[in-house]
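Undergrad: If it helps, the file is called work34.cif and holds mmCIF, N, CA and C atoms:
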data_input
#
loop_
_atom_site.label_atom_id
_atom_site.label_comp_id
_atom_site.auth_asym_id
_atom_site.auth_seq_id
_atom_site.Cartn_x
_atom_site.Cartn_y
_atom_site.Cartn_z
N MET A 1 96.25 90.57 110.55
CA MET A 1 95.26 89.50 110.49
C MET A 1 93.89 90.10 110.17
N LYS A 2 93.22 89.48 109.26
CA LYS A 2 91.90 89.95 108.87
C LYS A 2 90.86 89.46 109.87
N GLU A 3 89.86 90.30 110.12
CA GLU A 3 88.83 89.97 111.10
C GLU A 3 87.65 89.24 110.48
N LYS A 4 87.37 89.50 109.22
CA LYS A 4 86.21 88.91 108.55
C LYS A 4 86.67 87.93 107.48
N ASP A 5 85.90 86.86 107.31
CA ASP A 5 86.24 85.97 106.22
C ASP A 5 85.61 86.50 104.93
N THR A 6 86.01 85.95 103.83
CA THR A 6 85.56 86.44 102.53
C THR A 6 84.05 86.35 102.38
N GLY A 7 83.44 85.30 102.93
CA GLY A 7 81.98 85.14 102.87
C GLY A 7 81.26 86.29 103.55
N GLU A 8 81.77 86.71 104.70
CA GLU A 8 81.17 87.83 105.42
C GLU A 8 81.26 89.11 104.57
N LEU A 9 82.41 89.31 103.95
CA LEU A 9 82.58 90.50 103.11
C LEU A 9 81.62 90.48 101.93
N PHE A 10 81.47 89.31 101.31
CA PHE A 10 80.52 89.19 100.20
C PHE A 10 79.11 89.54 100.65
N ASN A 11 78.69 89.00 101.79
CA ASN A 11 77.35 89.27 102.28
C ASN A 11 77.14 90.75 102.56
N GLU A 12 78.11 91.39 103.18
CA GLU A 12 78.01 92.82 103.45
C GLU A 12 77.92 93.61 102.15
N LEU A 13 78.77 93.25 101.20
CA LEU A 13 78.80 93.97 99.93
C LEU A 13 77.47 93.82 99.18
N LYS A 14 76.89 92.64 99.23
CA LYS A 14 75.62 92.40 98.53
C LYS A 14 74.46 93.15 99.17
N THR A 15 74.55 93.37 100.48
CA THR A 15 73.43 94.00 101.17
C THR A 15 73.62 95.49 101.41
N ASP A 16 74.82 95.99 101.23
CA ASP A 16 75.07 97.42 101.46
C ASP A 16 74.83 98.18 100.15
N PRO A 17 73.83 99.06 100.12
CA PRO A 17 73.54 99.78 98.87
C PRO A 17 74.60 100.83 98.52
N ASP A 18 75.45 101.15 99.47
CA ASP A 18 76.46 102.18 99.24
C ASP A 18 77.85 101.56 99.29
N VAL A 19 78.44 101.31 98.13
CA VAL A 19 79.76 100.68 98.07
C VAL A 19 80.82 101.55 98.74
N LYS A 20 80.64 102.86 98.70
CA LYS A 20 81.60 103.75 99.37
C LYS A 20 81.61 103.48 100.88
N ASN A 21 80.45 103.25 101.44
CA ASN A 21 80.35 102.92 102.86
C ASN A 21 81.03 101.58 103.15
N PHE A 22 80.80 100.61 102.27
CA PHE A 22 81.43 99.29 102.43
C PHE A 22 82.95 99.42 102.42
N ILE A 23 83.47 100.17 101.47
CA ILE A 23 84.92 100.34 101.35
C ILE A 23 85.48 101.05 102.59
N LYS A 24 84.81 102.09 103.02
CA LYS A 24 85.27 102.85 104.18
C LYS A 24 85.27 101.99 105.45
N SER A 25 84.22 101.24 105.65
CA SER A 25 84.12 100.46 106.88
C SER A 25 84.94 99.17 106.86
N ASN A 26 85.44 98.78 105.70
CA ASN A 26 86.21 97.54 105.60
C ASN A 26 87.63 97.75 105.10
N LYS A 27 88.12 98.97 105.20
CA LYS A 27 89.45 99.31 104.69
C LYS A 27 90.53 98.34 105.18
N SER A 28 90.46 97.95 106.45
CA SER A 28 91.49 97.07 107.03
C SER A 28 91.40 95.64 106.49
N GLU A 29 90.31 95.32 105.82
CA GLU A 29 90.13 93.96 105.29
C GLU A 29 90.72 93.78 103.90
N PHE A 30 91.07 94.86 103.24
CA PHE A 30 91.57 94.77 101.87
C PHE A 30 93.03 94.34 101.84
N THR A 31 93.39 93.68 100.77
CA THR A 31 94.77 93.25 100.61
C THR A 31 95.64 94.44 100.20
N LYS A 32 96.92 94.30 100.48
CA LYS A 32 97.89 95.32 100.09
C LYS A 32 98.21 95.13 98.61
N PRO A 33 98.74 96.17 97.99
CA PRO A 33 99.23 95.97 96.62
C PRO A 33 100.30 94.87 96.62
N PHE A 34 100.34 94.12 95.55
CA PHE A 34 101.22 92.96 95.47
C PHE A 34 102.67 93.30 95.76
N ASN A 35 103.17 94.39 95.18
CA ASN A 35 104.58 94.73 95.39
C ASN A 35 104.87 95.05 96.86
N GLU A 36 103.90 95.64 97.58
CA GLU A 36 104.10 95.91 99.01
C GLU A 36 104.19 94.62 99.80
N TYR A 37 103.31 93.68 99.48
CA TYR A 37 103.33 92.39 100.17
C TYR A 37 104.66 91.67 99.89
N LEU A 38 105.08 91.69 98.65
CA LEU A 38 106.33 91.05 98.26
C LEU A 38 107.51 91.72 98.99
N SER A 39 107.49 93.03 99.09
CA SER A 39 108.56 93.75 99.81
C SER A 39 108.59 93.37 101.29
N GLU A 40 107.41 93.20 101.89
CA GLU A 40 107.35 92.78 103.29
C GLU A 40 108.00 91.42 103.49
N LEU A 41 107.72 90.50 102.56
CA LEU A 41 108.33 89.16 102.64
C LEU A 41 109.85 89.26 102.56
N MET A 42 110.32 90.11 101.66
CA MET A 42 111.76 90.29 101.49
C MET A 42 112.37 90.84 102.78
N CYS A 43 111.74 91.83 103.38
CA CYS A 43 112.25 92.43 104.63
C CYS A 43 112.22 91.43 105.78
N GLU A 44 111.15 90.64 105.87
CA GLU A 44 111.05 89.64 106.93
C GLU A 44 112.20 88.65 106.88
N ARG A 45 112.73 88.42 105.69
CA ARG A 45 113.82 87.46 105.51
C ARG A 45 115.18 88.15 105.44
N ASN A 46 115.19 89.43 105.78
CA ASN A 46 116.43 90.22 105.79
C ASN A 46 117.18 90.16 104.46
N LEU A 47 116.42 90.27 103.38
CA LEU A 47 117.01 90.29 102.05
C LEU A 47 116.79 91.66 101.42
N THR A 48 117.65 91.99 100.48
CA THR A 48 117.51 93.23 99.73
C THR A 48 117.26 92.88 98.26
N CYS A 49 116.90 93.88 97.50
CA CYS A 49 116.74 93.67 96.05
C CYS A 49 118.06 93.20 95.45
N SER A 50 119.16 93.73 95.96
CA SER A 50 120.49 93.31 95.47
C SER A 50 120.71 91.82 95.72
N ASP A 51 120.31 91.34 96.90
CA ASP A 51 120.45 89.92 97.22
C ASP A 51 119.66 89.07 96.23
N ILE A 52 118.44 89.49 95.97
CA ILE A 52 117.58 88.72 95.07
C ILE A 52 118.12 88.74 93.65
N ALA A 53 118.52 89.91 93.19
CA ALA A 53 119.09 90.02 91.84
C ALA A 53 120.33 89.15 91.70
N PHE A 54 121.20 89.18 92.70
CA PHE A 54 122.43 88.38 92.66
C PHE A 54 122.10 86.88 92.64
N LYS A 55 121.21 86.45 93.52
CA LYS A 55 120.90 85.02 93.62
C LYS A 55 120.17 84.49 92.39
N MET A 56 119.43 85.38 91.70
CA MET A 56 118.70 84.95 90.51
C MET A 56 119.47 85.26 89.22
N ARG A 57 120.62 85.92 89.36
CA ARG A 57 121.43 86.31 88.20
C ARG A 57 120.64 87.20 87.25
N LEU A 58 119.94 88.18 87.85
CA LEU A 58 119.15 89.14 87.08
C LEU A 58 119.67 90.54 87.35
N ASP A 59 119.32 91.45 86.47
CA ASP A 59 119.72 92.84 86.61
C ASP A 59 119.01 93.46 87.82
N LEU A 60 119.75 94.20 88.62
CA LEU A 60 119.21 94.82 89.82
C LEU A 60 118.07 95.78 89.48
N SER A 61 118.19 96.52 88.40
CA SER A 61 117.13 97.48 88.06
C SER A 61 115.80 96.77 87.79
N TYR A 62 115.86 95.58 87.20
CA TYR A 62 114.65 94.79 86.95
C TYR A 62 113.99 94.42 88.28
N ILE A 63 114.77 93.94 89.23
CA ILE A 63 114.24 93.56 90.54
C ILE A 63 113.71 94.80 91.27
N ASP A 64 114.44 95.90 91.20
CA ASP A 64 113.97 97.16 91.82
C ASP A 64 112.60 97.55 91.28
N HIS A 65 112.42 97.45 89.97
CA HIS A 65 111.14 97.80 89.36
C HIS A 65 110.01 96.89 89.84
N ILE A 66 110.29 95.63 90.00
CA ILE A 66 109.26 94.69 90.49
C ILE A 66 108.84 95.06 91.90
N PHE A 67 109.82 95.27 92.78
CA PHE A 67 109.51 95.56 94.17
C PHE A 67 108.95 96.96 94.38
N SER A 68 109.19 97.86 93.46
CA SER A 68 108.61 99.20 93.57
C SER A 68 107.22 99.25 92.94
N GLY A 69 106.88 98.22 92.18
CA GLY A 69 105.57 98.16 91.56
C GLY A 69 105.49 98.82 90.20
N THR A 70 106.62 99.24 89.65
CA THR A 70 106.60 99.90 88.34
C THR A 70 106.69 98.91 87.19
N LYS A 71 106.95 97.66 87.50
CA LYS A 71 107.04 96.64 86.47
C LYS A 71 106.37 95.37 86.99
N GLY A 72 105.66 94.69 86.12
CA GLY A 72 105.04 93.43 86.50
C GLY A 72 106.08 92.31 86.51
N ILE A 73 105.65 91.17 86.97
CA ILE A 73 106.55 90.02 87.03
C ILE A 73 105.82 88.82 86.43
N SER A 74 106.56 87.99 85.72
CA SER A 74 105.97 86.79 85.16
C SER A 74 105.81 85.73 86.24
N ARG A 75 104.96 84.79 86.00
CA ARG A 75 104.75 83.68 86.94
C ARG A 75 106.06 82.95 87.19
N LYS A 76 106.78 82.71 86.12
CA LYS A 76 108.04 81.97 86.21
C LYS A 76 109.04 82.69 87.11
N ARG A 77 109.21 83.98 86.90
CA ARG A 77 110.17 84.75 87.72
C ARG A 77 109.68 84.88 89.16
N LEU A 78 108.36 84.98 89.35
CA LEU A 78 107.82 85.03 90.70
C LEU A 78 108.14 83.73 91.45
N ILE A 79 108.03 82.62 90.77
CA ILE A 79 108.37 81.34 91.39
C ILE A 79 109.85 81.34 91.77
N GLY A 80 110.68 81.91 90.92
CA GLY A 80 112.09 82.03 91.26
C GLY A 80 112.30 82.83 92.53
N ILE A 81 111.59 83.93 92.64
CA ILE A 81 111.71 84.76 93.85
C ILE A 81 111.25 83.99 95.08
N THR A 82 110.23 83.15 94.93
CA THR A 82 109.78 82.37 96.10
C THR A 82 110.88 81.45 96.60
N ARG A 83 111.73 80.96 95.70
CA ARG A 83 112.84 80.10 96.14
C ARG A 83 113.91 80.92 96.84
N VAL A 84 114.20 82.11 96.32
CA VAL A 84 115.18 82.98 96.97
C VAL A 84 114.67 83.36 98.36
N LEU A 85 113.36 83.57 98.48
CA LEU A 85 112.76 83.89 99.78
C LEU A 85 112.61 82.65 100.66
N ASN A 86 112.90 81.49 100.09
CA ASN A 86 112.80 80.21 100.81
C ASN A 86 111.39 79.95 101.34
N LEU A 87 110.40 80.21 100.50
CA LEU A 87 109.02 79.93 100.88
C LEU A 87 108.73 78.45 100.72
N ASP A 88 107.88 77.91 101.59
CA ASP A 88 107.48 76.51 101.44
C ASP A 88 106.37 76.45 100.38
N LEU A 89 105.87 75.25 100.13
CA LEU A 89 104.89 75.07 99.05
C LEU A 89 103.61 75.85 99.34
N GLU A 90 103.12 75.80 100.55
CA GLU A 90 101.89 76.51 100.89
C GLU A 90 102.07 78.02 100.72
N GLN A 91 103.18 78.55 101.17
CA GLN A 91 103.46 79.98 101.02
C GLN A 91 103.62 80.36 99.55
N THR A 92 104.25 79.48 98.77
CA THR A 92 104.43 79.73 97.33
C THR A 92 103.07 79.79 96.64
N GLN A 93 102.20 78.82 96.95
CA GLN A 93 100.88 78.79 96.34
C GLN A 93 100.10 80.06 96.70
N TYR A 94 100.21 80.49 97.95
CA TYR A 94 99.51 81.70 98.39
C TYR A 94 100.02 82.92 97.62
N LEU A 95 101.34 83.03 97.49
CA LEU A 95 101.91 84.17 96.79
C LEU A 95 101.50 84.18 95.32
N LEU A 96 101.45 83.01 94.70
CA LEU A 96 101.00 82.93 93.31
C LEU A 96 99.56 83.42 93.19
N ARG A 97 98.68 82.95 94.07
CA ARG A 97 97.28 83.42 94.04
C ARG A 97 97.20 84.92 94.29
N TYR A 98 97.96 85.39 95.27
CA TYR A 98 97.97 86.82 95.61
C TYR A 98 98.38 87.66 94.41
N GLY A 99 99.32 87.15 93.64
CA GLY A 99 99.80 87.86 92.46
C GLY A 99 98.93 87.67 91.23
N GLY A 100 97.87 86.88 91.37
CA GLY A 100 96.94 86.68 90.26
C GLY A 100 97.34 85.58 89.30
N TYR A 101 98.21 84.68 89.75
CA TYR A 101 98.68 83.59 88.89
C TYR A 101 98.10 82.24 89.32
N ALA A 102 98.15 81.30 88.41
CA ALA A 102 97.72 79.94 88.71
C ALA A 102 98.70 79.32 89.72
N ILE A 103 98.14 78.54 90.62
CA ILE A 103 98.99 77.83 91.57
C ILE A 103 99.73 76.71 90.84
N LEU A 104 100.74 76.19 91.49
CA LEU A 104 101.49 75.07 90.92
C LEU A 104 100.58 73.85 90.82
N TYR A 105 100.64 73.18 89.69
CA TYR A 105 99.72 72.09 89.39
C TYR A 105 100.53 70.83 89.06
N PRO A 106 100.39 69.78 89.85
CA PRO A 106 101.23 68.60 89.67
C PRO A 106 101.00 67.83 88.36
N ARG A 107 99.96 68.15 87.62
CA ARG A 107 99.74 67.49 86.32
C ARG A 107 100.49 68.20 85.19
N ASN A 108 101.13 69.31 85.51
CA ASN A 108 101.95 70.04 84.55
C ASN A 108 103.41 69.68 84.87
N SER A 109 104.15 69.18 83.89
CA SER A 109 105.50 68.68 84.17
C SER A 109 106.43 69.76 84.71
N TRP A 110 106.37 70.99 84.15
CA TRP A 110 107.21 72.07 84.65
C TRP A 110 106.88 72.36 86.11
N ASP A 111 105.58 72.49 86.39
CA ASP A 111 105.15 72.74 87.77
C ASP A 111 105.55 71.61 88.70
N ALA A 112 105.48 70.37 88.21
CA ALA A 112 105.85 69.22 89.04
C ALA A 112 107.32 69.29 89.46
N VAL A 113 108.18 69.72 88.55
CA VAL A 113 109.60 69.88 88.89
C VAL A 113 109.76 70.95 89.96
N ILE A 114 109.02 72.04 89.84
CA ILE A 114 109.08 73.12 90.82
C ILE A 114 108.60 72.62 92.19
N ILE A 115 107.49 71.91 92.20
CA ILE A 115 106.96 71.37 93.46
C ILE A 115 108.01 70.47 94.12
N SER A 116 108.63 69.61 93.33
CA SER A 116 109.67 68.72 93.86
C SER A 116 110.84 69.53 94.41
N ALA A 117 111.25 70.56 93.69
CA ALA A 117 112.37 71.39 94.14
C ALA A 117 112.04 72.08 95.46
N ILE A 118 110.82 72.57 95.59
CA ILE A 118 110.41 73.22 96.84
C ILE A 118 110.40 72.20 97.98
N GLU A 119 109.82 71.05 97.72
CA GLU A 119 109.73 70.02 98.77
C GLU A 119 111.09 69.50 99.20
N HIS A 120 112.07 69.58 98.30
CA HIS A 120 113.44 69.16 98.63
C HIS A 120 114.31 70.36 99.05
N ASN A 121 113.64 71.51 99.25
CA ASN A 121 114.29 72.73 99.75
C ASN A 121 115.51 73.14 98.92
N MET A 122 115.37 73.02 97.60
CA MET A 122 116.46 73.42 96.71
C MET A 122 116.58 74.94 96.68
N THR A 123 117.79 75.41 96.48
CA THR A 123 118.01 76.84 96.27
C THR A 123 117.49 77.20 94.89
N PHE A 124 117.43 78.48 94.61
CA PHE A 124 117.00 78.91 93.29
C PHE A 124 117.88 78.33 92.20
N LEU A 125 119.19 78.43 92.36
CA LEU A 125 120.10 77.94 91.32
C LEU A 125 120.01 76.44 91.14
N ASP A 126 119.90 75.71 92.24
CA ASP A 126 119.73 74.25 92.14
C ASP A 126 118.45 73.90 91.41
N MET A 127 117.38 74.63 91.71
CA MET A 127 116.10 74.39 91.05
C MET A 127 116.21 74.70 89.56
N ASN A 128 116.87 75.78 89.23
CA ASN A 128 117.03 76.17 87.83
C ASN A 128 117.81 75.09 87.06
N GLU A 129 118.87 74.57 87.67
CA GLU A 129 119.64 73.49 87.05
C GLU A 129 118.82 72.21 86.94
N TYR A 130 118.01 71.94 87.95
CA TYR A 130 117.13 70.76 87.98
C TYR A 130 116.14 70.83 86.81
N LEU A 131 115.59 72.01 86.57
CA LEU A 131 114.68 72.18 85.44
C LEU A 131 115.38 71.83 84.13
N GLN A 132 116.59 72.38 83.93
CA GLN A 132 117.34 72.11 82.71
C GLN A 132 117.68 70.63 82.58
N LYS A 133 118.12 70.03 83.66
CA LYS A 133 118.51 68.61 83.65
C LYS A 133 117.34 67.72 83.24
N LEU A 134 116.13 68.12 83.64
CA LEU A 134 114.95 67.31 83.32
C LEU A 134 114.27 67.74 82.02
N GLY A 135 114.94 68.59 81.25
CA GLY A 135 114.42 68.99 79.94
C GLY A 135 113.33 70.04 79.99
N GLU A 136 113.21 70.74 81.10
CA GLU A 136 112.21 71.79 81.23
C GLU A 136 112.88 73.15 81.04
N THR A 137 112.09 74.15 80.75
CA THR A 137 112.59 75.50 80.56
C THR A 137 113.04 76.09 81.88
N PRO A 138 114.30 76.54 81.95
CA PRO A 138 114.76 77.15 83.21
C PRO A 138 114.11 78.53 83.42
N ILE A 139 114.19 79.00 84.63
CA ILE A 139 113.66 80.32 84.94
C ILE A 139 114.56 81.40 84.35
N VAL A 140 115.85 81.24 84.50
CA VAL A 140 116.83 82.12 83.85
C VAL A 140 117.86 81.23 83.18
N LYS A 141 118.41 81.74 82.10
CA LYS A 141 119.43 80.96 81.37
C LYS A 141 120.81 81.39 81.73
#
Starting from the file, give its structure as structure tokens.
TA:
Amino acid sequence: MKEKDTGELFNELKTDPDVKNFIKSNKSEFTKPFNEYLSELMCERNLTCSDIAFKMRLDLSYIDHIFSGTKGISRKRLIGITRVLNLDLEQTQYLLRYGGYAILYPRNSWDAVIISAIEHNMTFLDMNEYLQKLGETPIVK
């Protein structure tokens, strides 16, 4: 849990003439690398890279690279992983922001299908089929 809110950090950073001092004194406030955070979520849910690869019908080496941080992940595939991790909408939106992606937007038809799938607690495969059924691009073919 972070002790300072973002506003406090901004104020400190603006007033501290030595950024090295700011970084040193606020080390615990910084976010983890994305792949580490994603790996923590996977461990919390007692899943392995093999589980995720199997459930998403993707190559294990691809998933291994994502979780090790040697390969980036697309927004679409990240959303797929959120379903395998069984994240709710709020957690999904947070993970998208954490990964540097746009949150799900209900005015976008593809995103609207995803939001509906999350709210109806669909599995990854059910969501993927739902996308195809509604004429949207699936996450995996």
Undergrad: Quick one: residues within 6.5 Å of (110.9, 77.0, 94.1) (file frame), counting all atoms listed in the file, please, as a list of chain:residue names.
TA: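 Returned residue set, sorted by chain then number, is A:Ile79, A:Gly80, A:Thr82, A:Arg83, A:Val84, A:Ile114, A:Ile115, A:Ala117, A:Ile118, A:Phe124.
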Undergrad: Among chain A, which residues does DSSP mark as helix (DSSP H, G or I) when it is run on the backbone? Keep the chain and numbering as in the structure and answer as a ChimeraX atom specification.
TA: /A:6-15,19-25,27-29,34-44,49-56,60-68,75-84,89-98,109-119,124-133
Undergrad: Once the PyMOL selection byres ((chain A and resi 32-37) around 8) has been evaluated on this model, what residues remain selected, and can you format them as a PDB file with N, CA and C atoms, keeping the file's coordinate frame?
TA:
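Saved result, part09.pdb, follows:
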ATOM      1  N   GLU A  29      90.310  95.320 105.820  1.00  0.00           N
ATOM      2  CA  GLU A  29      90.130  93.960 105.290  1.00  0.00           C
ATOM      3  C   GLU A  29      90.720  93.780 103.900  1.00  0.00           C
ATOM      4  N   PHE A  30      91.070  94.860 103.240  1.00  0.00           N
ATOM      5  CA  PHE A  30      91.570  94.770 101.870  1.00  0.00           C
ATOM      6  C   PHE A  30      93.030  94.340 101.840  1.00  0.00           C
ATOM      7  N   THR A  31      93.390  93.680 100.770  1.00  0.00           N
ATOM      8  CA  THR A  31      94.770  93.250 100.610  1.00  0.00           C
ATOM      9  C   THR A  31      95.640  94.440 100.200  1.00  0.00           C
ATOM     10  N   LEU A  38     105.080  91.690  98.650  1.00  0.00           N
ATOM     11  CA  LEU A  38     106.330  91.050  98.260  1.00  0.00           C
ATOM     12  C   LEU A  38     107.510  91.720  98.990  1.00  0.00           C
ATOM     13  N   SER A  39     107.490  93.030  99.090  1.00  0.00           N
ATOM     14  CA  SER A  39     108.560  93.750  99.810  1.00  0.00           C
ATOM     15  C   SER A  39     108.590  93.370 101.290  1.00  0.00           C
ATOM     16  N   GLU A  40     107.410  93.200 101.890  1.00  0.00           N
ATOM     17  CA  GLU A  40     107.350  92.780 103.290  1.00  0.00           C
ATOM     18  C   GLU A  40     108.000  91.420 103.490  1.00  0.00           C
ATOM     19  N   LEU A  41     107.720  90.500 102.560  1.00  0.00           N
ATOM     20  CA  LEU A  41     108.330  89.160 102.640  1.00  0.00           C
ATOM     21  C   LEU A  41     109.850  89.260 102.560  1.00  0.00           C
ATOM     22  N   MET A  42     110.320  90.110 101.660  1.00  0.00           N
ATOM     23  CA  MET A  42     111.760  90.290 101.490  1.00  0.00           C
ATOM     24  C   MET A  42     112.370  90.840 102.780  1.00  0.00           C
ATOM     25  N   CYS A  43     111.740  91.830 103.380  1.00  0.00           N
ATOM     26  CA  CYS A  43     112.250  92.430 104.630  1.00  0.00           C
ATOM     27  C   CYS A  43     112.220  91.430 105.780  1.00  0.00           C
ATOM     28  N   ILE A  66     110.290  95.630  90.000  1.00  0.00           N
ATOM     29  CA  ILE A  66     109.260  94.690  90.490  1.00  0.00           C
ATOM     30  C   ILE A  66     108.840  95.060  91.900  1.00  0.00           C
ATOM     31  N   PHE A  67     109.820  95.270  92.780  1.00  0.00           N
ATOM     32  CA  PHE A  67     109.510  95.560  94.170  1.00  0.00           C
ATOM     33  C   PHE A  67     108.950  96.960  94.380  1.00  0.00           C
ATOM     34  N   SER A  68     109.190  97.860  93.460  1.00  0.00           N
ATOM     35  CA  SER A  68     108.610  99.200  93.570  1.00  0.00           C
ATOM     36  C   SER A  68     107.220  99.250  92.940  1.00  0.00           C
ATOM     37  N   GLY A  69     106.880  98.220  92.180  1.00  0.00           N
ATOM     38  CA  GLY A  69     105.570  98.160  91.560  1.00  0.00           C
ATOM     39  C   GLY A  69     105.490  98.820  90.200  1.00  0.00           C
ATOM     40  N   THR A  70     106.620  99.240  89.650  1.00  0.00           N
ATOM     41  CA  THR A  70     106.600  99.900  88.340  1.00  0.00           C
ATOM     42  C   THR A  70     106.690  98.910  87.190  1.00  0.00           C
ATOM     43  N   TYR A  98      97.960  85.390  95.270  1.00  0.00           N
ATOM     44  CA  TYR A  98      97.970  86.820  95.610  1.00  0.00           C
ATOM     45  C   TYR A  98      98.380  87.660  94.410  1.00  0.00           C
ATOM     46  N   GLY A  99      99.320  87.150  93.640  1.00  0.00           N
ATOM     47  CA  GLY A  99      99.800  87.860  92.460  1.00  0.00           C
ATOM     48  C   GLY A  99      98.930  87.670  91.230  1.00  0.00           C
TER      49      GLY A  99
END
Undergrad: Between A:Asn86, A:Asn121, A:Ser61, A:Ser74, single out the one closest to Gly100 (chain A), counting only C-alpha atoms.
TA: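 For Gly100 (chain A), the nearest of the candidates is A:Ser74.
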Undergrad: Padding of 3 Å on every side, edges along x, y and z, all listed atoms of region 124-129 of chain A included: what centre and edge lengths in Å, to one decimal, does that box have, as AutoDock Vina command-line options?
TA:
--center_x 118.1 --center_y 75.6 --center_z 90.8 --size_x 10.0 --size_y 12.7 --size_z 13.7
Undergrad: Counting only C-alpha atoms, what are the residues of region 70-92 of chain A within 9 Å of region 102-108 of chain A, and for each of them which pair of atoms is the nearest and at what distance in Å, to one decimal? Sort the table by chain and rising number, as a tab-separated table.
TA:
residue	atom	partner	partner_atom	distance
A:Arg75	CA	A:Ala102	CA	8.2
A:Leu89	CA	A:Leu104	CA	8.8
A:Thr92	CA	A:Ile103	CA	8.1
Undergrad: So, with all atoms listed in the file as the atoms that count, which of A:Ser28, A:Thr137, A:Asn21, A:Asn128 lies closest to Trp110 (chain A)?
TA: A:Thr137
Undergrad: Need to verify the contact set: Ser50 (chain A), 10 Å, only C-alpha atoms, exclusion of same-chain residues closer than 3 positions in sequence. Can you return it as an MDAnalysis selection string?
TA: chainID A and resid 47 53:56 58:61 63:64
Undergrad: In Å to one decimal, how far is CA of Ser109 (chain A) from CA of Lys71 (chain A)?
TA: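 CA of Ser109 (chain A) lies 28.1 Å from CA of Lys71 (chain A).
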Undergrad: Rounded to one decimal, what separation in Å do you get between atom N of Lys2 (chain A) and atom C of Ile73 (chain A)?
TA: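 These atoms are spaced 26.1 Å apart.
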Undergrad: Using only C-alpha atoms, can you tell me which of A:Arg97, A:Arg57, A:His120, A:Lys20 comes closest to Val140 (chain A)?
TA: A:Arg57
Undergrad: How far is it from CA of Glu119 (chain A) to CA of Glu44 (chain A), in Å with one decimal?
TA: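 Between CA of Glu119 (chain A) and CA of Glu44 (chain A) the gap works out to 21.3 Å.
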Undergrad: Taking N, CA, C and O atoms as the atom set, what does region 102-113 of chain A look like once completed, written as a PDB file, in the frame of the given file?
TA:
ATOM      1  N   ALA A 102      98.150  81.300  88.410  1.00  0.00           N
ATOM      2  CA  ALA A 102      97.720  79.940  88.710  1.00  0.00           C
ATOM      3  C   ALA A 102      98.700  79.320  89.720  1.00  0.00           C
ATOM      4  O   ALA A 102      99.907  79.564  89.640  1.00  0.00           O
ATOM      5  N   ILE A 103      98.140  78.540  90.620  1.00  0.00           N
ATOM      6  CA  ILE A 103      98.990  77.830  91.570  1.00  0.00           C
ATOM      7  C   ILE A 103      99.730  76.710  90.840  1.00  0.00           C
ATOM      8  O   ILE A 103      99.382  76.355  89.715  1.00  0.00           O
ATOM      9  N   LEU A 104     100.740  76.190  91.490  1.00  0.00           N
ATOM     10  CA  LEU A 104     101.490  75.070  90.920  1.00  0.00           C
ATOM     11  C   LEU A 104     100.580  73.850  90.820  1.00  0.00           C
ATOM     12  O   LEU A 104      99.865  73.529  91.771  1.00  0.00           O
ATOM     13  N   TYR A 105     100.640  73.180  89.690  1.00  0.00           N
ATOM     14  CA  TYR A 105      99.720  72.090  89.390  1.00  0.00           C
ATOM     15  C   TYR A 105     100.530  70.830  89.060  1.00  0.00           C
ATOM     16  O   TYR A 105     101.298  70.829  88.092  1.00  0.00           O
ATOM     17  N   PRO A 106     100.390  69.780  89.850  1.00  0.00           N
ATOM     18  CA  PRO A 106     101.230  68.600  89.670  1.00  0.00           C
ATOM     19  C   PRO A 106     101.000  67.830  88.360  1.00  0.00           C
ATOM     20  O   PRO A 106     101.809  66.990  87.996  1.00  0.00           O
ATOM     21  N   ARG A 107      99.960  68.150  87.620  1.00  0.00           N
ATOM     22  CA  ARG A 107      99.740  67.490  86.320  1.00  0.00           C
ATOM     23  C   ARG A 107     100.490  68.200  85.190  1.00  0.00           C
ATOM     24  O   ARG A 107     100.480  67.753  84.058  1.00  0.00           O
ATOM     25  N   ASN A 108     101.130  69.310  85.510  1.00  0.00           N
ATOM     26  CA  ASN A 108     101.950  70.040  84.550  1.00  0.00           C
ATOM     27  C   ASN A 108     103.410  69.680  84.870  1.00  0.00           C
ATOM     28  O   ASN A 108     103.859  69.846  86.004  1.00  0.00           O
ATOM     29  N   SER A 109     104.150  69.180  83.890  1.00  0.00           N
ATOM     30  CA  SER A 109     105.500  68.680  84.170  1.00  0.00           C
ATOM     31  C   SER A 109     106.430  69.760  84.710  1.00  0.00           C
ATOM     32  O   SER A 109     107.225  69.510  85.623  1.00  0.00           O
ATOM     33  N   TRP A 110     106.370  70.990  84.150  1.00  0.00           N
ATOM     34  CA  TRP A 110     107.210  72.070  84.650  1.00  0.00           C
ATOM     35  C   TRP A 110     106.880  72.360  86.110  1.00  0.00           C
ATOM     36  O   TRP A 110     107.760  72.465  86.960  1.00  0.00           O
ATOM     37  N   ASP A 111     105.580  72.490  86.390  1.00  0.00           N
ATOM     38  CA  ASP A 111     105.150  72.740  87.770  1.00  0.00           C
ATOM     39  C   ASP A 111     105.550  71.610  88.700  1.00  0.00           C
ATOM     40  O   ASP A 111     105.934  71.835  89.847  1.00  0.00           O
ATOM     41  N   ALA A 112     105.480  70.370  88.210  1.00  0.00           N
ATOM     42  CA  ALA A 112     105.850  69.220  89.040  1.00  0.00           C
ATOM     43  C   ALA A 112     107.320  69.290  89.460  1.00  0.00           C
ATOM     44  O   ALA A 112     107.668  68.970  90.613  1.00  0.00           O
ATOM     45  N   VAL A 113     108.180  69.720  88.550  1.00  0.00           N
ATOM     46  CA  VAL A 113     109.600  69.880  88.890  1.00  0.00           C
ATOM     47  C   VAL A 113     109.760  70.950  89.960  1.00  0.00           C
ATOM     48  O   VAL A 113     110.514  70.777  90.924  1.00  0.00           O
TER      49      VAL A 113
END
